[in-house]
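Visitor: This is work21.txt (compact mmCIF, C-alpha atoms).
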# COMPACT_ATOMS: atom_id res chain seq x y z
CA MET A 47 33.53 -9.49 10.10
CA SER A 48 31.43 -10.68 13.06
CA ILE A 49 27.73 -11.54 12.80
CA SER A 50 26.84 -8.40 14.77
CA GLN A 51 28.89 -6.23 12.42
CA ALA A 52 27.20 -7.84 9.41
CA ILE A 53 23.78 -7.05 10.90
CA GLU A 54 24.76 -3.42 11.44
CA LYS A 55 25.90 -3.20 7.83
CA ILE A 56 22.60 -4.61 6.56
CA GLU A 57 20.57 -2.30 8.80
CA ALA A 58 22.44 0.72 7.48
CA ARG A 59 22.28 -0.32 3.84
CA TYR A 60 18.64 -1.46 3.79
CA ALA A 61 17.00 0.71 6.45
CA HIS A 62 14.04 1.11 4.07
CA GLN A 63 13.44 -2.67 3.95
CA PRO A 64 12.15 -3.63 7.42
CA GLU A 65 10.80 -7.08 6.53
CA PHE A 66 14.13 -8.08 5.01
CA ILE A 67 16.08 -6.83 8.03
CA GLN A 68 13.76 -8.75 10.35
CA ALA A 69 14.42 -12.01 8.48
CA VAL A 70 18.19 -11.46 8.38
CA LYS A 71 18.42 -10.69 12.10
CA GLU A 72 16.35 -13.72 13.05
CA VAL A 73 18.76 -16.01 11.20
CA ALA A 74 21.94 -14.15 12.15
CA ILE A 75 21.38 -14.18 15.89
CA THR A 76 20.61 -17.88 16.02
CA ILE A 77 23.49 -19.16 13.86
CA ALA A 78 26.20 -17.44 15.92
CA PRO A 79 27.22 -20.66 17.76
CA LEU A 80 27.75 -22.42 14.43
CA TYR A 81 29.41 -19.47 12.72
CA ASP A 82 31.88 -18.92 15.52
CA SER A 83 33.00 -22.56 15.40
CA HIS A 84 33.69 -22.45 11.65
CA PRO A 85 36.34 -19.82 10.86
CA GLU A 86 36.17 -20.80 7.19
CA TYR A 87 32.70 -19.24 7.01
CA ASP A 88 34.08 -15.87 7.99
CA ALA A 89 37.13 -16.30 5.75
CA PHE A 90 34.85 -16.83 2.75
CA LYS A 91 32.41 -14.12 3.94
CA VAL A 92 29.57 -16.61 3.70
CA PHE A 93 27.02 -14.62 5.67
CA GLU A 94 27.81 -11.37 3.86
CA ARG A 95 27.37 -13.15 0.55
CA LEU A 96 24.10 -14.81 1.49
CA VAL A 97 22.38 -11.60 2.58
CA GLU A 98 22.97 -10.09 -0.87
CA PRO A 99 20.83 -11.64 -3.63
CA ASP A 100 22.64 -13.00 -6.66
CA ARG A 101 20.43 -10.63 -8.65
CA VAL A 102 17.18 -8.70 -8.47
CA MET A 103 15.19 -8.22 -11.67
CA GLY A 104 12.52 -5.53 -11.76
CA PHE A 105 10.17 -4.91 -14.65
CA ARG A 106 7.01 -3.09 -15.70
CA ILE A 107 3.87 -5.01 -16.63
CA ASN A 108 1.41 -3.41 -19.04
CA TRP A 109 -2.02 -4.97 -19.47
CA GLU A 110 -5.60 -4.01 -20.31
CA ASN A 111 -8.61 -4.39 -18.04
CA ASP A 112 -12.06 -5.40 -19.26
CA LYS A 113 -12.88 -1.80 -20.13
CA GLY A 114 -9.89 -1.58 -22.43
CA VAL A 115 -8.04 0.76 -20.07
CA VAL A 116 -4.27 0.21 -19.91
CA GLN A 117 -3.01 -0.74 -16.44
CA VAL A 118 0.60 -0.58 -15.24
CA ASN A 119 2.03 -2.74 -12.44
CA ARG A 120 5.47 -3.52 -11.11
CA GLY A 121 7.03 -6.98 -11.00
CA TRP A 122 10.20 -8.50 -9.56
CA ARG A 123 12.17 -11.72 -9.33
CA VAL A 124 14.75 -11.98 -6.55
CA GLN A 125 17.22 -14.80 -7.18
CA PHE A 126 18.99 -15.21 -3.85
CA SER A 127 21.12 -18.36 -3.94
CA ASN A 128 21.51 -21.37 -6.21
CA ALA A 129 24.21 -23.02 -4.09
CA LEU A 130 22.15 -26.19 -3.63
CA GLY A 131 20.12 -26.27 -6.84
CA PRO A 132 18.04 -24.14 -9.22
CA TYR A 133 16.49 -21.02 -7.73
CA LYS A 134 13.12 -22.02 -6.24
CA GLY A 135 10.39 -19.89 -4.70
CA GLY A 136 6.89 -18.65 -5.23
CA ILE A 137 5.30 -15.76 -7.09
CA ARG A 138 3.03 -13.49 -5.04
CA PHE A 139 0.35 -11.16 -6.43
CA HIS A 140 -0.70 -8.69 -3.75
CA PRO A 141 -0.75 -4.89 -3.44
CA THR A 142 1.73 -5.07 -0.52
CA VAL A 143 4.43 -6.70 -2.66
CA ASN A 144 7.67 -4.72 -2.84
CA GLN A 145 11.39 -5.46 -2.85
CA SER A 146 11.62 -5.65 0.95
CA VAL A 147 8.87 -8.26 1.18
CA LEU A 148 10.30 -10.31 -1.67
CA LYS A 149 13.84 -10.14 -0.28
CA PHE A 150 12.62 -11.34 3.11
CA LEU A 151 10.71 -14.19 1.49
CA GLY A 152 13.60 -15.10 -0.81
CA PHE A 153 16.12 -15.06 2.06
CA GLU A 154 13.88 -17.33 4.13
CA GLN A 155 13.42 -19.58 1.11
CA ILE A 156 17.15 -20.34 0.93
CA PHE A 157 17.08 -22.10 4.28
CA LYS A 158 13.59 -23.55 3.98
CA ASN A 159 14.58 -25.27 0.74
CA ALA A 160 17.87 -26.42 2.25
CA LEU A 161 15.98 -28.04 5.15
CA THR A 162 13.99 -30.27 2.77
CA GLY A 163 17.17 -32.04 1.68
CA LEU A 164 16.12 -31.59 -1.96
CA PRO A 165 18.33 -29.84 -4.54
CA MET A 166 16.76 -26.37 -4.56
CA GLY A 167 18.11 -22.86 -4.14
CA GLY A 168 16.17 -19.84 -2.86
CA ALA A 169 14.23 -17.17 -4.75
CA LYS A 170 10.97 -15.22 -4.69
CA GLY A 171 9.00 -13.05 -7.07
CA GLY A 172 5.75 -11.27 -7.60
CA SER A 173 3.87 -8.12 -8.40
CA ASP A 174 1.83 -5.42 -6.68
CA PHE A 175 -1.12 -6.53 -8.85
CA ASP A 176 -4.25 -7.13 -6.75
CA PRO A 177 -6.32 -10.06 -8.07
CA LYS A 178 -9.25 -9.28 -5.78
CA GLY A 179 -12.24 -7.99 -7.71
CA LYS A 180 -10.67 -8.83 -11.07
CA SER A 181 -12.46 -10.94 -13.65
CA ASP A 182 -11.00 -14.21 -14.89
CA ASN A 183 -10.20 -12.53 -18.20
CA GLU A 184 -8.32 -9.72 -16.45
CA ILE A 185 -6.32 -12.19 -14.37
CA ARG A 186 -5.50 -14.20 -17.48
CA ARG A 187 -4.32 -11.11 -19.36
CA PHE A 188 -2.20 -10.01 -16.42
CA CYS A 189 -0.60 -13.46 -16.03
CA TYR A 190 0.26 -13.50 -19.73
CA ALA A 191 1.80 -10.03 -19.46
CA PHE A 192 3.71 -10.93 -16.30
CA MET A 193 5.24 -14.02 -17.91
CA ARG A 194 6.22 -12.07 -21.00
CA GLU A 195 8.52 -10.04 -18.76
CA LEU A 196 9.64 -12.87 -16.47
CA HIS A 197 10.39 -15.64 -18.95
CA PRO A 198 13.96 -14.65 -19.93
CA TYR A 199 15.10 -15.20 -16.35
CA ILE A 200 13.63 -18.64 -15.62
CA ASN A 201 14.11 -22.19 -16.86
CA LYS A 202 13.61 -25.69 -15.47
CA ASP A 203 17.32 -25.86 -14.63
CA THR A 204 17.80 -22.18 -13.71
CA ASP A 205 14.85 -20.85 -11.73
CA VAL A 206 11.59 -22.68 -11.07
CA PRO A 207 8.83 -20.41 -9.64
CA ALA A 208 5.70 -21.63 -7.90
CA GLY A 209 2.53 -20.09 -6.48
CA ASP A 210 2.07 -17.99 -3.36
CA ILE A 211 -0.54 -15.53 -2.08
CA GLY A 212 -2.76 -14.51 -5.00
CA VAL A 213 -1.26 -17.16 -7.28
CA SER A 214 -2.99 -20.54 -7.37
CA GLY A 215 -3.36 -23.27 -9.97
CA ARG A 216 -5.35 -21.00 -12.30
CA GLU A 217 -2.61 -18.35 -12.42
CA ILE A 218 0.14 -20.95 -12.75
CA SER A 219 -1.70 -22.48 -15.70
CA TYR A 220 -1.95 -19.13 -17.48
CA MET A 221 1.73 -18.36 -16.88
CA PHE A 222 2.80 -21.86 -17.95
CA ALA A 223 0.80 -21.50 -21.16
CA MET A 224 2.54 -18.21 -21.98
CA TYR A 225 5.98 -19.64 -21.17
CA LYS A 226 5.36 -22.55 -23.55
CA ASN A 227 4.12 -20.15 -26.20
CA LEU A 228 7.22 -17.95 -25.95
CA THR A 229 9.86 -20.67 -25.65
CA ARG A 230 8.24 -23.56 -27.54
CA GLU A 231 9.45 -25.73 -24.68
CA TYR A 232 7.45 -28.07 -22.48
CA GLY A 233 9.45 -28.35 -19.28
CA GLY A 234 9.03 -28.19 -15.54
CA VAL A 235 9.63 -24.46 -15.36
CA LEU A 236 6.76 -23.84 -12.93
CA THR A 237 5.47 -25.99 -10.09
CA GLY A 238 1.89 -26.09 -8.89
CA LYS A 239 0.67 -26.96 -12.38
CA GLY A 240 -2.58 -28.83 -12.82
CA VAL A 241 -2.56 -32.58 -12.38
CA GLY A 242 -2.58 -34.06 -15.87
CA PHE A 243 -0.25 -31.50 -17.46
CA GLY A 244 2.81 -31.65 -15.27
CA GLY A 245 1.48 -31.05 -11.79
CA SER A 246 1.94 -33.28 -8.77
CA LEU A 247 -0.79 -34.81 -6.72
CA MET A 248 -0.96 -33.41 -3.17
CA ARG A 249 0.65 -30.06 -4.02
CA THR A 250 -2.54 -28.27 -2.96
CA GLU A 251 -2.60 -29.95 0.44
CA ALA A 252 1.15 -30.07 1.03
CA THR A 253 1.86 -26.90 3.03
CA GLY A 254 -1.04 -27.28 5.44
CA TYR A 255 -0.59 -31.04 5.83
CA GLY A 256 3.16 -30.64 6.25
CA ALA A 257 2.72 -28.10 9.06
CA VAL A 258 0.55 -30.56 10.97
CA TYR A 259 3.02 -33.39 10.34
CA PHE A 260 5.71 -31.17 11.88
CA LEU A 261 3.38 -30.49 14.80
CA GLU A 262 2.87 -34.23 15.28
CA ASN A 263 6.62 -34.67 15.69
CA MET A 264 6.79 -31.77 18.16
CA LEU A 265 4.04 -33.36 20.23
CA THR A 266 5.73 -36.76 20.11
CA ALA A 267 8.96 -35.19 21.38
CA GLN A 268 6.98 -34.00 24.44
CA ASN A 269 5.19 -37.37 24.83
CA GLU A 270 1.89 -35.84 23.75
CA ARG A 271 -0.65 -36.36 20.97
CA ILE A 272 -2.96 -34.06 19.06
CA ASP A 273 -6.07 -36.04 20.04
CA GLY A 274 -8.62 -33.77 21.70
CA LYS A 275 -6.45 -30.67 21.66
CA ARG A 276 -8.08 -27.40 20.68
CA VAL A 277 -6.47 -25.92 17.59
CA LEU A 278 -6.70 -22.25 16.56
CA VAL A 279 -6.02 -21.60 12.87
CA SER A 280 -5.78 -18.13 11.34
CA GLY A 281 -6.48 -17.53 7.68
CA ALA A 282 -8.95 -19.32 5.45
CA GLY A 283 -6.87 -19.92 2.35
CA ASN A 284 -5.23 -23.01 0.98
CA VAL A 285 -2.72 -23.49 3.82
CA SER A 286 -5.18 -22.71 6.61
CA LEU A 287 -7.98 -24.98 5.47
CA HIS A 288 -5.70 -27.91 4.72
CA ALA A 289 -3.95 -27.51 8.08
CA ALA A 290 -7.41 -27.55 9.67
CA GLU A 291 -8.34 -30.60 7.61
CA LYS A 292 -5.28 -32.63 8.59
CA ALA A 293 -5.52 -31.58 12.26
CA HIS A 294 -9.13 -32.78 12.28
CA MET A 295 -8.18 -36.04 10.56
CA LEU A 296 -5.63 -36.72 13.30
CA GLY A 297 -8.08 -36.05 16.14
CA GLY A 298 -7.53 -32.36 16.85
CA VAL A 299 -10.49 -30.06 17.55
CA VAL A 300 -10.13 -27.11 15.17
CA VAL A 301 -12.21 -24.24 16.54
CA THR A 302 -11.23 -21.21 14.41
CA VAL A 303 -10.41 -19.93 10.96
CA SER A 304 -10.25 -16.26 10.01
CA ASP A 305 -9.85 -13.71 7.25
CA SER A 306 -9.33 -9.96 6.95
CA GLN A 307 -12.93 -9.37 8.09
CA GLY A 308 -12.80 -11.31 11.35
CA THR A 309 -12.69 -14.70 13.05
CA LEU A 310 -15.07 -17.65 12.83
CA TYR A 311 -15.34 -19.68 16.06
CA ASP A 312 -16.99 -23.09 16.28
CA GLY A 313 -16.57 -24.60 19.73
CA ALA A 314 -17.79 -28.00 18.50
CA GLY A 315 -14.86 -28.14 16.06
CA LEU A 316 -14.67 -28.25 12.29
CA ASN A 317 -15.43 -31.63 10.73
CA GLN A 318 -14.85 -32.57 7.09
CA GLU A 319 -18.29 -31.44 5.99
CA LYS A 320 -17.74 -28.00 7.51
CA ILE A 321 -14.24 -27.71 6.06
CA ASN A 322 -15.55 -28.62 2.61
CA TRP A 323 -18.20 -25.91 2.98
CA LEU A 324 -15.49 -23.37 3.90
CA LYS A 325 -13.40 -24.38 0.89
CA ALA A 326 -16.36 -23.87 -1.42
CA GLN A 327 -17.24 -20.57 0.24
CA LYS A 328 -13.74 -19.16 -0.18
CA ALA A 329 -13.55 -20.45 -3.77
CA LYS A 330 -16.63 -18.32 -4.49
CA SER A 331 -15.09 -15.35 -2.58
CA GLN A 332 -18.08 -15.37 -0.24
CA PRO A 333 -17.97 -14.24 3.41
CA LEU A 334 -16.81 -16.60 6.15
CA ALA A 335 -19.45 -15.05 8.40
CA ASP A 336 -22.17 -16.89 6.42
CA TYR A 337 -21.03 -20.07 8.18
CA VAL A 338 -22.90 -19.10 11.36
CA ALA A 339 -26.28 -19.22 9.64
CA VAL A 340 -25.51 -22.71 8.32
CA TYR A 341 -23.65 -24.46 11.15
CA GLY A 342 -23.84 -22.14 14.15
CA GLY A 343 -20.83 -20.85 16.05
CA GLU A 344 -19.83 -17.21 16.48
CA TRP A 345 -18.44 -14.51 14.21
CA PHE A 346 -16.02 -12.02 15.76
CA ALA A 347 -15.93 -9.11 13.32
CA GLY A 348 -12.57 -7.38 13.00
CA GLN A 349 -10.85 -9.72 15.49
CA LYS A 350 -8.04 -12.27 15.28
CA PRO A 351 -8.45 -15.74 16.82
CA TRP A 352 -5.98 -15.34 19.68
CA HIS A 353 -8.46 -14.22 22.34
CA ILE A 354 -9.93 -17.73 22.27
CA LYS A 355 -8.67 -20.49 24.58
CA GLY A 356 -6.78 -23.34 22.95
CA ASP A 357 -3.78 -25.65 23.05
CA ILE A 358 -2.26 -25.15 19.60
CA ALA A 359 -2.02 -22.12 17.32
CA ILE A 360 -1.32 -22.39 13.59
CA PRO A 361 -1.07 -18.83 12.19
CA SER A 362 -1.41 -19.29 8.44
CA ALA A 363 -2.57 -15.96 6.97
CA THR A 364 0.39 -13.68 6.19
CA GLN A 365 3.64 -12.22 7.52
CA ASN A 366 3.66 -10.35 10.84
CA GLU A 367 0.00 -11.09 11.55
CA VAL A 368 0.82 -11.97 15.19
CA ASN A 369 2.24 -9.07 17.20
CA GLU A 370 3.41 -9.00 20.82
CA GLU A 371 -0.08 -8.28 22.15
CA ASP A 372 -1.41 -11.26 20.23
CA ALA A 373 1.40 -13.41 21.64
CA LYS A 374 0.44 -12.33 25.16
CA LEU A 375 -3.14 -13.39 24.44
CA MET A 376 -1.91 -16.77 23.22
CA VAL A 377 0.00 -17.36 26.44
CA GLU A 378 -2.92 -16.18 28.60
CA ASN A 379 -5.33 -18.47 26.74
CA GLY A 380 -3.28 -21.60 27.24
CA ILE A 381 -1.49 -22.03 23.90
CA LYS A 382 1.42 -24.46 24.32
CA TYR A 383 2.42 -24.94 20.67
CA VAL A 384 2.75 -22.35 17.89
CA VAL A 385 3.35 -23.68 14.39
CA GLU A 386 3.87 -21.14 11.62
CA GLY A 387 1.82 -22.13 8.60
CA ALA A 388 2.55 -18.82 6.85
CA ASN A 389 5.92 -17.22 6.17
CA MET A 390 7.08 -15.30 9.28
CA PRO A 391 3.58 -14.66 10.68
CA LEU A 392 5.02 -13.73 14.09
CA THR A 393 6.82 -10.45 14.64
CA ALA A 394 10.20 -10.57 16.38
CA ASP A 395 8.62 -9.31 19.62
CA ALA A 396 5.91 -11.98 19.42
CA ILE A 397 8.50 -14.72 18.96
CA ASP A 398 10.48 -13.43 21.94
CA HIS A 399 7.37 -13.44 24.13
CA ILE A 400 6.21 -16.96 23.40
CA ARG A 401 9.74 -18.36 23.67
CA LEU A 402 10.21 -16.57 27.00
CA HIS A 403 7.09 -18.37 28.24
CA ARG A 404 8.38 -21.70 26.89
CA VAL A 405 5.66 -22.11 24.30
CA HIS A 406 6.94 -24.67 21.81
CA TYR A 407 7.56 -22.74 18.59
CA ALA A 408 8.05 -24.03 15.03
CA PRO A 409 9.33 -21.35 12.61
CA GLY A 410 7.84 -21.18 9.14
CA LYS A 411 11.03 -22.14 7.35
CA ALA A 412 10.73 -25.55 9.04
CA ALA A 413 7.01 -26.02 9.62
CA ASN A 414 5.66 -24.81 6.27
CA ALA A 415 8.35 -26.41 4.13
CA GLY A 416 5.90 -29.09 2.99
CA GLY A 417 4.72 -27.01 0.06
CA VAL A 418 8.12 -26.47 -1.45
CA ALA A 419 9.06 -30.06 -0.66
CA VAL A 420 6.24 -31.34 -2.86
CA SER A 421 7.19 -28.71 -5.44
CA GLY A 422 10.63 -30.30 -5.45
CA LEU A 423 9.03 -33.70 -5.94
CA GLU A 424 7.03 -32.22 -8.83
CA MET A 425 10.29 -31.07 -10.42
CA SER A 426 11.64 -34.62 -10.14
CA GLN A 427 8.47 -36.09 -11.67
CA ASN A 428 8.72 -33.63 -14.57
CA SER A 429 12.36 -34.55 -15.15
CA VAL A 430 11.71 -38.29 -15.41
CA ARG A 431 8.23 -37.82 -16.96
CA GLN A 432 6.61 -40.13 -14.45
CA TYR A 433 3.98 -39.39 -11.81
CA LYS A 434 3.68 -40.60 -8.24
CA THR A 435 0.43 -41.53 -6.49
CA PHE A 436 -1.08 -39.38 -3.74
CA GLU A 437 -0.14 -42.03 -1.19
CA GLU A 438 3.49 -42.11 -2.37
CA ILE A 439 3.79 -38.32 -2.17
CA ASP A 440 2.09 -38.22 1.24
CA ALA A 441 4.48 -40.85 2.62
CA ARG A 442 7.48 -38.95 1.25
CA LEU A 443 6.19 -35.69 2.74
CA LYS A 444 5.83 -37.29 6.18
CA VAL A 445 9.44 -38.45 6.02
CA ILE A 446 10.70 -35.02 4.89
CA MET A 447 8.84 -33.22 7.69
CA LYS A 448 10.12 -35.72 10.27
CA ASN A 449 13.66 -35.25 9.00
CA ILE A 450 13.32 -31.47 9.25
CA HIS A 451 12.00 -31.78 12.79
CA ASP A 452 14.63 -34.25 13.90
CA GLY A 453 17.47 -32.28 12.30
CA ALA A 454 16.37 -29.08 14.05
CA ALA A 455 15.96 -30.89 17.38
CA GLU A 456 19.40 -32.49 17.09
CA ALA A 457 21.05 -29.16 16.24
CA SER A 458 19.31 -27.53 19.21
CA GLU A 459 20.77 -30.22 21.45
CA LYS A 460 24.25 -30.15 19.86
CA TYR A 461 24.63 -26.40 20.25
CA HIS A 462 23.29 -26.41 23.83
CA GLN A 463 20.00 -24.65 23.07
CA THR A 464 17.73 -27.38 24.45
CA ASP A 465 16.74 -26.67 28.05
CA LYS A 466 15.02 -29.28 30.22
CA GLY A 467 13.17 -30.74 27.24
CA TYR A 468 12.33 -27.39 25.65
CA ILE A 469 13.66 -27.63 22.09
CA ASP A 470 14.78 -24.44 20.34
CA TYR A 471 13.45 -25.25 16.87
CA MET A 472 14.18 -21.75 15.57
CA THR A 473 17.89 -21.99 16.32
CA GLY A 474 18.06 -25.63 15.28
CA ALA A 475 16.35 -25.10 11.92
CA ASN A 476 18.44 -22.02 11.12
CA ILE A 477 21.67 -23.85 11.94
CA VAL A 478 20.82 -26.89 9.83
CA GLY A 479 19.68 -24.85 6.81
CA PHE A 480 22.54 -22.37 7.03
CA LYS A 481 25.19 -25.07 7.39
CA ARG A 482 24.08 -26.91 4.26
CA VAL A 483 24.28 -23.74 2.17
CA ALA A 484 27.45 -22.43 3.84
CA ASP A 485 29.34 -25.69 3.31
CA ALA A 486 28.46 -25.60 -0.38
CA LEU A 487 29.65 -21.99 -0.71
CA VAL A 488 32.96 -22.79 0.97
CA ALA A 489 33.43 -25.75 -1.39
CA TYR A 490 32.77 -23.47 -4.39
CA GLY A 491 35.32 -20.85 -3.32
CA ILE A 492 34.20 -17.33 -4.22
CA LEU A 493 32.34 -17.92 -7.49
CA ASN A 494 28.86 -18.43 -6.07
Show how you would write the structure in this file as structure tokens.
Guide:
Amino acid sequence: MSISQAIEKIEARYAHQPEFIQAVKEVAITIAPLYDSHPEYDAFKVFERLVEPDRVMGFRINWENDKGVVQVNRGWRVQFSNALGPYKGGIRFHPTVNQSVLKFLGFEQIFKNALTGLPMGGAKGGSDFDPKGKSDNEIRRFCYAFMRELHPYINKDTDVPAGDIGVSGREISYMFAMYKNLTREYGGVLTGKGVGFGGSLMRTEATGYGAVYFLENMLTAQNERIDGKRVLVSGAGNVSLHAAEKAHMLGGVVVTVSDSQGTLYDGAGLNQEKINWLKAQKAKSQPLADYVAVYGGEWFAGQKPWHIKGDIAIPSATQNEVNEEDAKLMVENGIKYVVEGANMPLTADAIDHIRLHRVHYAPGKAANAGGVAVSGLEMSQNSVRQYKTFEEIDARLKVIMKNIHDGAAEASEKYHQTDKGYIDYMTGANIVGFKRVADALVAYGILN
């Protein structure tokens, strides 16, 4: 079966899962040069196998709110592939969570994890529970209830979840406590744990820092540096603020962050004091707009950052936040580099537009792999019961992100996708990640 036939089959079977179809098509179209040169992949139906999860577990979560009223939510764990190692992927708590979203995230996770070079498979999980407006006690009770349902399917050597949107260190701690209570086992079954009881230093910073390290390598490949360049960041969560922090540390001028209410613009750039204020503000769930009264700048209510002039865009809020119109604004406002800090923040049409205009584009599976890379390092530290210093983890992360960049760039060149210095990172990253998983599946035969 050809790649195009496989896509048609997926579109017919999962027409009700648009996010998943989008992720599958993005990978399928770009790996065609590799797939066509390896007949063994077709013989073993590698692509057809990879687009079907190994298993999808769905469950009901019952819990009580502070008023004693029983609440009912849905939860899932999608275990996609363990060809390269234990299933690995985050848990997301957000009202938009459904099977399509989790399948898209889990499918992307296969190749993101493969790109790190660490022994991790791909998975994703979560619930339609909305943590916004909930008390700490309600969140704790929900996390306990969620883990009661999830725990039979995970283990440090089987499936190792982490955090994602709506799931930070607090939620991981609650779920880890319940897992220990149920299994009487202290193992590395979750990553993102607190430092001091199994967690790794730098896990909080890793995704945002890693995205900027990838950007550094992109700039170097074009004989440029980040110094003095205007950086637009969307989002104001963990990834966004740490991407802003690292970009500032390296000499970039970060002029925006945003949330669902609008965009904060500071033409003077965010320094460490301002970034620390933003971190504290978001930790208290207070409005970004309050920044203007403290430090100046402008607040654009209900707007995204892309109408502002800049050199670099790091969309780091959520999937499909950048549509084709946004991409047109990016091009018009001088953006030359787009680095995905979130998972698939650009729609397919947006990607097509910026690539058509030769904007250098780093897909999320490559650029935001820093978080899962440090999660993998946390797994290793748990296994040997030894901890690394922040500096050791940071140095390892820089090497991993450089390797991801260089591997994607080399694949782009090898498969004739590089054009007059313009590197096709999307094709290159997909080819490298897919090949690592596909070669393992061929070696296994048909049992995986």
Visitor: Using all atoms listed in the file, which of the listed residues (A:Lys374, A:Pro391, A:Tyr259, A:Ser429) sits closest to Lys444 of chain A?
Guide: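 Closest candidate: A:Tyr259.
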Visitor: Could the residues of segment 368-473 of chain A that have an atom at most 9 Å from segment 358-363 of chain A be listed as a tab-separated table, each with its closest atom pair and the distance in Å to one decimal, counting all atoms listed in the file and ordered by chain and ascending residue number?
Guide:
residue	atom	partner	partner_atom	distance
A:Val368	CA	A:Pro361	CA	7.7
A:Met376	CA	A:Ala359	CA	8.0
A:Gly380	CA	A:Ile358	CA	8.5
A:Ile381	CA	A:Ile358	CA	5.4
A:Lys382	CA	A:Ile358	CA	6.0
A:Tyr383	CA	A:Ile358	CA	4.8
A:Val384	CA	A:Ala359	CA	4.8
A:Val385	CA	A:Ile360	CA	4.9
A:Glu386	CA	A:Pro361	CA	5.5
A:Gly387	CA	A:Ser362	CA	4.3
A:Ala388	CA	A:Ser362	CA	4.3
A:Asn389	CA	A:Ser362	CA	7.9
A:Pro391	CA	A:Pro361	CA	6.4
A:Leu392	CA	A:Pro361	CA	8.2
Visitor: Extract, using only C-alpha atoms, all DNA, RNA and protein residues at most 9 Å from Gly209 of chain A, discarding same-chain residues fewer than 6 positions from it, and format them as an NGL selection string.
Guide: :A and (135-138 or 215 or 217-218 or 236-238)
Visitor: For Lys481 of chain A, which of A:Ala326, A:Leu493, A:Met103, A:Ala454 is the closest residue, counting only C-alpha atoms?
Guide: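 Selected residue with least distance to Lys481 of chain A: A:Ala454.
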Visitor: Do you have the atom CA of Glu291 of chain A-atom CA of Met248 of chain A distance handy?
Guide: 13.4 Å
Visitor: Taking 3 positions as the minimum chain separation for residues in the same chain, which residues sit within 12 Å of Arg442 of chain A when counting only C-alpha atoms? Answer as a list of chain:residue names.
Guide: A:Thr162, A:Gly163, A:Leu164, A:Met248, A:Ala252, A:Gly256, A:Tyr259, A:Gly416, A:Ala419, A:Val420, A:Gly422, A:Leu423, A:Lys434, A:Thr435, A:Phe436, A:Glu437, A:Glu438, A:Ile439, A:Val445, A:Ile446, A:Met447, A:Lys448, A:Asn449
Visitor: Take the selection from the previous step and output its residues with C-alpha atoms, as a PDB file, in the frame of the given file.
Guide:
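For reference, out-v5.pdb as written:
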ATOM      1  CA  THR A 162      13.990 -30.270   2.770  1.00  0.00           C
ATOM      2  CA  GLY A 163      17.170 -32.040   1.680  1.00  0.00           C
ATOM      3  CA  LEU A 164      16.120 -31.590  -1.960  1.00  0.00           C
ATOM      4  CA  MET A 248      -0.960 -33.410  -3.170  1.00  0.00           C
ATOM      5  CA  ALA A 252       1.150 -30.070   1.030  1.00  0.00           C
ATOM      6  CA  GLY A 256       3.160 -30.640   6.250  1.00  0.00           C
ATOM      7  CA  TYR A 259       3.020 -33.390  10.340  1.00  0.00           C
ATOM      8  CA  GLY A 416       5.900 -29.090   2.990  1.00  0.00           C
ATOM      9  CA  ALA A 419       9.060 -30.060  -0.660  1.00  0.00           C
ATOM     10  CA  VAL A 420       6.240 -31.340  -2.860  1.00  0.00           C
ATOM     11  CA  GLY A 422      10.630 -30.300  -5.450  1.00  0.00           C
ATOM     12  CA  LEU A 423       9.030 -33.700  -5.940  1.00  0.00           C
ATOM     13  CA  LYS A 434       3.680 -40.600  -8.240  1.00  0.00           C
ATOM     14  CA  THR A 435       0.430 -41.530  -6.490  1.00  0.00           C
ATOM     15  CA  PHE A 436      -1.080 -39.380  -3.740  1.00  0.00           C
ATOM     16  CA  GLU A 437      -0.140 -42.030  -1.190  1.00  0.00           C
ATOM     17  CA  GLU A 438       3.490 -42.110  -2.370  1.00  0.00           C
ATOM     18  CA  ILE A 439       3.790 -38.320  -2.170  1.00  0.00           C
ATOM     19  CA  VAL A 445       9.440 -38.450   6.020  1.00  0.00           C
ATOM     20  CA  ILE A 446      10.700 -35.020   4.890  1.00  0.00           C
ATOM     21  CA  MET A 447       8.840 -33.220   7.690  1.00  0.00           C
ATOM     22  CA  LYS A 448      10.120 -35.720  10.270  1.00  0.00           C
ATOM     23  CA  ASN A 449      13.660 -35.250   9.000  1.00  0.00           C
TER      24      ASN A 449
END
Visitor: Can you find the residues with an atom no farther than 10 Å from (-6.0, -20.6, -13.1), counting only C-alpha atoms, and report them as a VMD selection string?
Guide: chain A and resid 182 185 to 186 189 213 to 221 239 to 240
